[in-house]
Amino acid sequence: MLFNNRPLLAVALALGMHTLAAPAADLIAIGQLPGTLSDASGRSALLENGVRGDLLGGIGSGLAWAGGNTFLALPDRGPNAVSWNAGVDNTTSYVPRFHTLHLDLIPAPDASTGLPYTLKPTLIGTTLLFSHVPLQYGGVVAGYGAVPAENTVARHYFSGRSDNFDPASSSADMRDARLDPEGIRVSRNGRRAYISDEYGPYLYVFDRATGARVRAIRLPERLAVAHKAPTGDAEIKGNTSGRVANKGMEGLAISPDGKTLFGFIQSPLIEDGGDGGRSNRIIKVDLETGAVQQFAYDNYLTDKAKAYNSSELLALNSHELLVLERDGKGLGDDSKASVKRIYKIDLANAQDVSNLTGEAALLPLAPSKTLFLDIVAKLTAAGIPVDQIPAKLEGMAFGDDVVVGGVLKHTLYVANDNDFLAMSPAGKSNPNQWFVFTFTDADLGGSKFENQRFEDSRSSHHNGDQRHNNPQED
């Protein structure tokens, strides 16, 4: 399809959208991989719901730059949009994984989009996630066991199935096998992948070459729930505090120097207002000391009179972050996208809210936010109909700088989670997609952009298993 450029204001008026200041970031490329492809896991056997275990889908839940044209793409807990058993929320024994991709920006006009660059995605490899220490799995459900058939004495694979937990412990138990990965970043030496999880919520460190978990970062107990359940509804009803079911640690950012992680709780904690509330929490972790701070974030959009889920974080520098907020509308559920926005916040003078509870206490301490990019406005201005904008834009990553019109610009990649559904309910193609935007320092309103710096990591895929090097590992 040829996307014809149109004035942003005209598009906004035609769609009845609230008129906003036009962001300066520009769309330069769109790339996609069909949702019917197989990944490189070798797990082609059918899951409990009849979906292939190697389906290349959902890979925009998280996106991390690894230097050059290399990115890590993260699916979540697997294909649970196809019904098979409501007792486990239709989750399956899909083994969580990340994919290594090459996203090549080719400086040549793309005839299919009319944009100045062509984006060519290539799948390089798939890495399954496992623990050397035995994990706690669930039982048999409708004739299907929960323990992965590929398990060995030294490899205990994680699983997306929601019943894989020890009912006697809180959701902070790192021995639980259930894993719902949502955010991913790469360590400065290129050898580790930091992954955030919604079930715990957790922050885990995996060996990038093998997929072995090498460290579990201890998070505040208050983020967990005391009573776990295999369905979200039961888990919500069974708890009065902690993270909302399926709304745990969603976004993840890493500071440019690689020393700090920023995690995002997708919805307010139950005691802070729960799902639909305004007071999300950003978790800051010092990777050397393990020290944790918490900051409030107001996810309310005044022009929409509604709070929205926050899907991803990116660090502009050591204290300023980009936050992706979105609705669940668009391609994937055959509706029209409305809210997909990236905001900028500054935590430099923000107060730690670790000891505070409740929306009334948190909101006054939330840092102000300014609009950085209205993605829906940019995509519609490029001629993309609102019903063709992916419903779940969830992954963000910076990449290498590029030259556009003789000007050196920074790049921002945004990815979609297609829920492993190659087709929408109405039969529309629903591929894995990436949208590439560019911006300059002048577009940041006085903020300083520092891209992540990597050490020489040429040996990172041949370093072997180093699980005995860190006292905080499994």
# chains A, B, ... in the order shown; residues from 1 in each chain; ligands from 1
call {"tool": "closest_atom_pairs", "arguments": {"of": "stretch 120-235 of chain A", "to": "stretch 286-297 of chain A", "cutoff": "12 Å", "atoms": "only C-alpha atoms", "output": "JSON lines"}}
result
{"residue": "A:Ser187", "atom": "CA", "partner": "A:Leu287", "partner_atom": "CA", "distance": 10.3}
{"residue": "A:Arg188", "atom": "CA", "partner": "A:Leu287", "partner_atom": "CA", "distance": 11.6}
{"residue": "A:Tyr194", "atom": "CA", "partner": "A:Leu287", "partner_atom": "CA", "distance": 10.6}
{"residue": "A:Leu203", "atom": "CA", "partner": "A:Leu287", "partner_atom": "CA", "distance": 10.9}
{"residue": "A:Tyr204", "atom": "CA", "partner": "A:Leu287", "partner_atom": "CA", "distance": 11.5}
{"residue": "A:Val205", "atom": "CA", "partner": "A:Leu287", "partner_atom": "CA", "distance": 10.6}
{"residue": "A:Arg215", "atom": "CA", "partner": "A:Leu287", "partner_atom": "CA", "distance": 10.9}
{"residue": "A:Ala216", "atom": "CA", "partner": "A:Gly290", "partner_atom": "CA", "distance": 10.6}
{"residue": "A:Ile217", "atom": "CA", "partner": "A:Gly290", "partner_atom": "CA", "distance": 7.3}
{"residue": "A:Arg218", "atom": "CA", "partner": "A:Gly290", "partner_atom": "CA", "distance": 7.5}
{"residue": "A:Leu219", "atom": "CA", "partner": "A:Val292", "partner_atom": "CA", "distance": 7.3}
{"residue": "A:Pro220", "atom": "CA", "partner": "A:Val292", "partner_atom": "CA", "distance": 7.8}
{"residue": "A:Glu221", "atom": "CA", "partner": "A:Val292", "partner_atom": "CA", "distance": 11.6}
{"residue": "A:Arg222", "atom": "CA", "partner": "A:Gln294", "partner_atom": "CA", "distance": 11.4}
{"residue": "A:Leu223", "atom": "CA", "partner": "A:Gln294", "partner_atom": "CA", "distance": 10.7}
call {"tool": "residues_around", "arguments": {"residues": "A:Val414", "least_positions_apart": "5", "cutoff": "9 Å", "atoms": "only C-alpha atoms", "output": "PDB file with N, CA and C atoms, in the first residue's frame"}}
result
ATOM      1  N   GLY A  60       6.854  -8.067  19.491  1.00  0.00           N
ATOM      2  CA  GLY A  60       7.020  -6.653  19.821  1.00  0.00           C
ATOM      3  C   GLY A  60       6.677  -6.337  21.253  1.00  0.00           C
ATOM      4  N   LEU A  63      11.595  -4.828  22.901  1.00  0.00           N
ATOM      5  CA  LEU A  63      12.591  -4.656  21.847  1.00  0.00           C
ATOM      6  C   LEU A  63      13.814  -3.988  22.447  1.00  0.00           C
ATOM      7  N   LEU A 393       1.092  -1.484  20.368  1.00  0.00           N
ATOM      8  CA  LEU A 393       2.459  -1.011  20.205  1.00  0.00           C
ATOM      9  C   LEU A 393       3.101  -1.050  21.582  1.00  0.00           C
ATOM     10  N   GLU A 394       4.074  -1.936  21.772  1.00  0.00           N
ATOM     11  CA  GLU A 394       4.590  -2.180  23.125  1.00  0.00           C
ATOM     12  C   GLU A 394       6.105  -2.112  23.242  1.00  0.00           C
ATOM     13  N   GLY A 395       6.846  -2.307  22.155  1.00  0.00           N
ATOM     14  CA  GLY A 395       8.299  -2.315  22.246  1.00  0.00           C
ATOM     15  C   GLY A 395       8.905  -1.034  21.716  1.00  0.00           C
ATOM     16  N   MET A 396       9.958  -0.552  22.381  1.00  0.00           N
ATOM     17  CA  MET A 396      10.678   0.642  21.924  1.00  0.00           C
ATOM     18  C   MET A 396      12.171   0.430  22.120  1.00  0.00           C
ATOM     19  N   ALA A 397      12.961   0.939  21.176  1.00  0.00           N
ATOM     20  CA  ALA A 397      14.411   0.899  21.309  1.00  0.00           C
ATOM     21  C   ALA A 397      15.022   2.000  20.466  1.00  0.00           C
ATOM     22  N   PHE A 398      16.111   2.557  20.951  1.00  0.00           N
ATOM     23  CA  PHE A 398      16.915   3.428  20.111  1.00  0.00           C
ATOM     24  C   PHE A 398      17.809   2.553  19.248  1.00  0.00           C
ATOM     25  N   GLN A 433       5.397  -5.956  13.156  1.00  0.00           N
ATOM     26  CA  GLN A 433       5.783  -4.723  12.475  1.00  0.00           C
ATOM     27  C   GLN A 433       6.720  -3.861  13.321  1.00  0.00           C
ATOM     28  N   TRP A 434       7.524  -3.076  12.605  1.00  0.00           N
ATOM     29  CA  TRP A 434       8.403  -2.092  13.238  1.00  0.00           C
ATOM     30  C   TRP A 434       8.241  -0.763  12.518  1.00  0.00           C
ATOM     31  N   PHE A 435       8.132   0.301  13.293  1.00  0.00           N
ATOM     32  CA  PHE A 435       8.039   1.660  12.762  1.00  0.00           C
ATOM     33  C   PHE A 435       9.280   2.413  13.244  1.00  0.00           C
ATOM     34  N   VAL A 436       9.999   3.026  12.321  1.00  0.00           N
ATOM     35  CA  VAL A 436      11.245   3.715  12.667  1.00  0.00           C
ATOM     36  C   VAL A 436      11.048   5.217  12.518  1.00  0.00           C
ATOM     37  N   PHE A 437      11.324   5.942  13.602  1.00  0.00           N
ATOM     38  CA  PHE A 437      11.226   7.401  13.628  1.00  0.00           C
ATOM     39  C   PHE A 437      12.621   7.986  13.834  1.00  0.00           C
TER      40      PHE A 437
END
call {"tool": "residues_around", "arguments": {"residues": "stretch 37-52 of chain A", "least_positions_apart": "6", "cutoff": "6 Å", "atoms": "only C-alpha atoms", "output": "list in words"}}
result
Trp84, Thr92, Gly125 and Thr126 of chain A
call {"tool": "write_last_selection", "arguments": {"atoms": "N, CA and C atoms", "output": "PDB file, in the first residue's frame"}}
result
ATOM      1  N   TRP A  84      -8.799 -22.595  24.938  1.00  0.00           N
ATOM      2  CA  TRP A  84      -8.731 -24.056  25.111  1.00  0.00           C
ATOM      3  C   TRP A  84      -9.104 -24.458  26.530  1.00  0.00           C
ATOM      4  N   THR A  92      -0.674 -21.439  27.678  1.00  0.00           N
ATOM      5  CA  THR A  92      -0.145 -22.720  27.218  1.00  0.00           C
ATOM      6  C   THR A  92       1.259 -22.960  27.757  1.00  0.00           C
ATOM      7  N   GLY A 125      18.245 -15.799  15.158  1.00  0.00           N
ATOM      8  CA  GLY A 125      18.226 -16.934  16.073  1.00  0.00           C
ATOM      9  C   GLY A 125      17.174 -16.770  17.149  1.00  0.00           C
ATOM     10  N   THR A 126      16.881 -17.863  17.853  1.00  0.00           N
ATOM     11  CA  THR A 126      15.904 -17.889  18.937  1.00  0.00           C
ATOM     12  C   THR A 126      16.544 -18.529  20.160  1.00  0.00           C
TER      13      THR A 126
END
call {"tool": "select_by_dssp", "arguments": {"residues": "stretch 39-177 of chain A", "states": "strand (DSSP E)", "output": "PyMOL selection string"}}
result
chain A and resi 62-65+70-74+97-106+118-128+130-131+156-157
call {"tool": "write_last_selection", "arguments": {"atoms": "C-alpha atoms", "output": "PDB file, in the first residue's frame"}}
result
ATOM      1  CA  GLY A  62       9.820  -5.952  24.106  1.00  0.00           C
ATOM      2  CA  LEU A  63      12.591  -4.656  21.847  1.00  0.00           C
ATOM      3  CA  ALA A  64      16.228  -4.060  22.797  1.00  0.00           C
ATOM      4  CA  TRP A  65      19.101  -2.644  20.812  1.00  0.00           C
ATOM      5  CA  THR A  70      21.256  -6.195  15.984  1.00  0.00           C
ATOM      6  CA  PHE A  71      18.150  -6.183  18.168  1.00  0.00           C
ATOM      7  CA  LEU A  72      16.562  -8.609  20.625  1.00  0.00           C
ATOM      8  CA  ALA A  73      12.808  -9.078  20.174  1.00  0.00           C
ATOM      9  CA  LEU A  74      10.708 -10.444  23.026  1.00  0.00           C
ATOM     10  CA  ARG A  97      12.208 -16.873  24.590  1.00  0.00           C
ATOM     11  CA  PHE A  98      13.835 -13.958  22.861  1.00  0.00           C
ATOM     12  CA  HIS A  99      14.763 -13.635  19.212  1.00  0.00           C
ATOM     13  CA  THR A 100      17.887 -12.079  17.732  1.00  0.00           C
ATOM     14  CA  LEU A 101      17.084  -9.944  14.699  1.00  0.00           C
ATOM     15  CA  HIS A 102      18.892  -7.824  12.199  1.00  0.00           C
ATOM     16  CA  LEU A 103      16.870  -4.702  11.429  1.00  0.00           C
ATOM     17  CA  ASP A 104      18.657  -3.234   8.424  1.00  0.00           C
ATOM     18  CA  LEU A 105      17.844   0.363   7.550  1.00  0.00           C
ATOM     19  CA  ILE A 106      18.588   0.726   3.866  1.00  0.00           C
ATOM     20  CA  THR A 118      13.579   0.648   3.593  1.00  0.00           C
ATOM     21  CA  LEU A 119      13.614  -1.550   6.710  1.00  0.00           C
ATOM     22  CA  LYS A 120      14.609  -5.175   6.178  1.00  0.00           C
ATOM     23  CA  PRO A 121      14.063  -7.459   9.225  1.00  0.00           C
ATOM     24  CA  THR A 122      15.876 -10.820   9.363  1.00  0.00           C
ATOM     25  CA  LEU A 123      15.521 -13.486  12.056  1.00  0.00           C
ATOM     26  CA  ILE A 124      18.991 -14.605  13.167  1.00  0.00           C
ATOM     27  CA  GLY A 125      18.226 -16.934  16.073  1.00  0.00           C
ATOM     28  CA  THR A 126      15.904 -17.889  18.937  1.00  0.00           C
ATOM     29  CA  THR A 127      16.995 -18.377  22.555  1.00  0.00           C
ATOM     30  CA  LEU A 128      14.818 -20.322  25.028  1.00  0.00           C
ATOM     31  CA  PHE A 130      15.580 -21.725  31.471  1.00  0.00           C
ATOM     32  CA  SER A 131      16.885 -22.129  35.019  1.00  0.00           C
ATOM     33  CA  HIS A 156      14.392 -26.411  33.681  1.00  0.00           C
ATOM     34  CA  TYR A 157      12.510 -24.322  31.125  1.00  0.00           C
TER      35      TYR A 157
END
call {"tool": "closest_atom_pairs", "arguments": {"of": "stretch 416-454 of chain A", "to": "stretch 337-344 of chain A", "cutoff": "10 Å", "atoms": "only C-alpha atoms", "output": "Markdown table"}}
result
| residue | atom | partner | partner_atom | distance |
| --- | --- | --- | --- | --- |
| A:Leu444 | CA | A:Lys344 | CA | 8.7 |
| A:Gly445 | CA | A:Lys344 | CA | 9.8 |
| A:Ser447 | CA | A:Lys344 | CA | 9.3 |
call {"tool": "residues_around", "arguments": {"residues": "A:Arg278", "least_positions_apart": "2", "cutoff": "6 Å", "atoms": "only C-alpha atoms", "output": "list in words"}}
result
Asp298, Asn299, Tyr300 and Ala307 of chain A
call {"tool": "residues_around", "arguments": {"residues": "A:Asn151", "least_positions_apart": "6", "cutoff": "12 Å", "atoms": "only C-alpha atoms", "output": "ChimeraX atom specification"}}
result
/A:95,128-135,137,157-159,177
call {"tool": "closest_residue", "arguments": {"among": "A:Thr91, A:Leu269, A:Phe165, A:Phe439", "to": "A:Thr411", "atoms": "only C-alpha atoms"}}
result
A:Phe439
call {"tool": "closest_residue", "arguments": {"among": "A:Asn85, A:Thr113, A:Asp441, A:Leu365", "to": "A:Val140", "atoms": "only C-alpha atoms"}}
result
A:Asn85
call {"tool": "atom_distance", "arguments": {"atom1": "atom CA of A:Pro256", "atom2": "atom CA of A:Ser61"}}
result
21.4 Å
call {"tool": "closest_residue", "arguments": {"among": "A:Leu421, A:Lys228, A:Arg191, A:Leu115", "to": "A:Val214", "atoms": "only C-alpha atoms"}}
result
A:Arg191
call {"tool": "residues_around", "arguments": {"residues": "stretch 229-246 of chain A", "least_positions_apart": "3", "cutoff": "9 Å", "atoms": "only C-alpha atoms", "output": "ChimeraX atom specification"}}
result
/A:86-89,161-165,167,180,198-201,221-226,249,265-272,274-275
call {"tool": "write_last_selection", "arguments": {"atoms": "C-alpha atoms", "output": "PDB file, in the first residue's frame"}}
result
ATOM      1  CA  ALA A  86     -10.478 -20.998  30.935  1.00  0.00           C
ATOM      2  CA  GLY A  87      -9.122 -22.539  34.140  1.00  0.00           C
ATOM      3  CA  VAL A  88      -5.637 -21.406  33.152  1.00  0.00           C
ATOM      4  CA  ASP A  89      -6.745 -18.270  31.256  1.00  0.00           C
ATOM      5  CA  ARG A 161       1.158 -21.522  31.690  1.00  0.00           C
ATOM      6  CA  SER A 162      -0.447 -19.616  34.539  1.00  0.00           C
ATOM      7  CA  ASP A 163      -0.682 -22.607  36.932  1.00  0.00           C
ATOM      8  CA  ASN A 164       3.094 -23.080  37.163  1.00  0.00           C
ATOM      9  CA  PHE A 165       3.641 -21.867  40.728  1.00  0.00           C
ATOM     10  CA  PRO A 167       0.604 -22.008  46.030  1.00  0.00           C
ATOM     11  CA  ASP A 180       5.332 -13.537  31.306  1.00  0.00           C
ATOM     12  CA  GLU A 198       4.453  -9.525  34.889  1.00  0.00           C
ATOM     13  CA  TYR A 199       3.728 -12.587  37.014  1.00  0.00           C
ATOM     14  CA  GLY A 200       6.048 -11.784  39.923  1.00  0.00           C
ATOM     15  CA  PRO A 201       6.700  -9.085  39.146  1.00  0.00           C
ATOM     16  CA  GLU A 221       7.754  -7.480  48.505  1.00  0.00           C
ATOM     17  CA  ARG A 222       4.882  -5.004  48.333  1.00  0.00           C
ATOM     18  CA  LEU A 223       4.822  -5.334  44.557  1.00  0.00           C
ATOM     19  CA  ALA A 224       3.921  -9.032  44.822  1.00  0.00           C
ATOM     20  CA  VAL A 225       0.594 -10.639  45.726  1.00  0.00           C
ATOM     21  CA  ALA A 226       0.233 -13.008  48.660  1.00  0.00           C
ATOM     22  CA  MET A 249       6.373  -5.304  35.448  1.00  0.00           C
ATOM     23  CA  ILE A 265       4.404  -1.437  36.700  1.00  0.00           C
ATOM     24  CA  GLN A 266       1.754  -1.471  33.961  1.00  0.00           C
ATOM     25  CA  SER A 267      -1.178  -0.483  36.187  1.00  0.00           C
ATOM     26  CA  PRO A 268      -1.350   0.992  39.686  1.00  0.00           C
ATOM     27  CA  LEU A 269      -0.975  -1.487  42.544  1.00  0.00           C
ATOM     28  CA  ILE A 270      -4.245  -2.701  44.038  1.00  0.00           C
ATOM     29  CA  GLU A 271      -3.782  -0.418  47.056  1.00  0.00           C
ATOM     30  CA  ASP A 272      -2.941   2.516  44.750  1.00  0.00           C
ATOM     31  CA  GLY A 274      -5.763  -0.830  40.741  1.00  0.00           C
ATOM     32  CA  ASP A 275      -6.511  -1.224  37.063  1.00  0.00           C
TER      33      ASP A 275
END
call {"tool": "residues_around", "arguments": {"residues": "A:Phe372", "least_positions_apart": "2", "cutoff": "10 Å", "atoms": "only C-alpha atoms", "output": "short mmCIF file (atom, residue, chain, number, x, y, z; two decimals) with C-alpha atoms, in the first residue's frame"}}
result
data_model
loop_
_atom_site.label_atom_id
_atom_site.label_comp_id
_atom_site.auth_asym_id
_atom_site.auth_seq_id
_atom_site.Cartn_x
_atom_site.Cartn_y
_atom_site.Cartn_z
CA ALA A 21 1.41 20.38 19.18
CA ALA A 22 2.96 18.51 16.25
CA PRO A 23 5.93 16.44 17.46
CA ALA A 24 9.13 16.92 15.49
CA ALA A 25 10.00 13.20 15.15
CA LEU A 322 10.41 8.26 27.45
CA VAL A 323 7.14 6.52 28.39
CA LEU A 324 4.86 4.78 25.87
CA ARG A 341 1.73 8.38 22.64
CA ILE A 342 5.26 8.76 23.95
CA TYR A 343 5.82 11.19 26.82
CA LYS A 344 9.00 12.57 28.36
CA ILE A 345 9.53 12.74 32.14
CA LYS A 369 5.22 14.91 31.50
CA THR A 370 5.46 16.47 28.06
CA ASP A 374 1.89 11.17 19.02
CA ILE A 375 2.33 7.94 17.07
CA ASP A 443 13.51 18.05 19.18
CA LEU A 444 14.01 17.17 22.87
CA GLY A 445 13.07 20.52 24.38
#
call {"tool": "closest_residue", "arguments": {"among": "A:Ala350, A:Ala81, A:Ala172, A:Ala108", "to": "A:Val404", "atoms": "only C-alpha atoms"}}
result
A:Ala108
call {"tool": "atom_distance", "arguments": {"atom1": "atom CA of A:Glu450", "atom2": "atom CA of A:Ile254"}}
result
11.4 Å
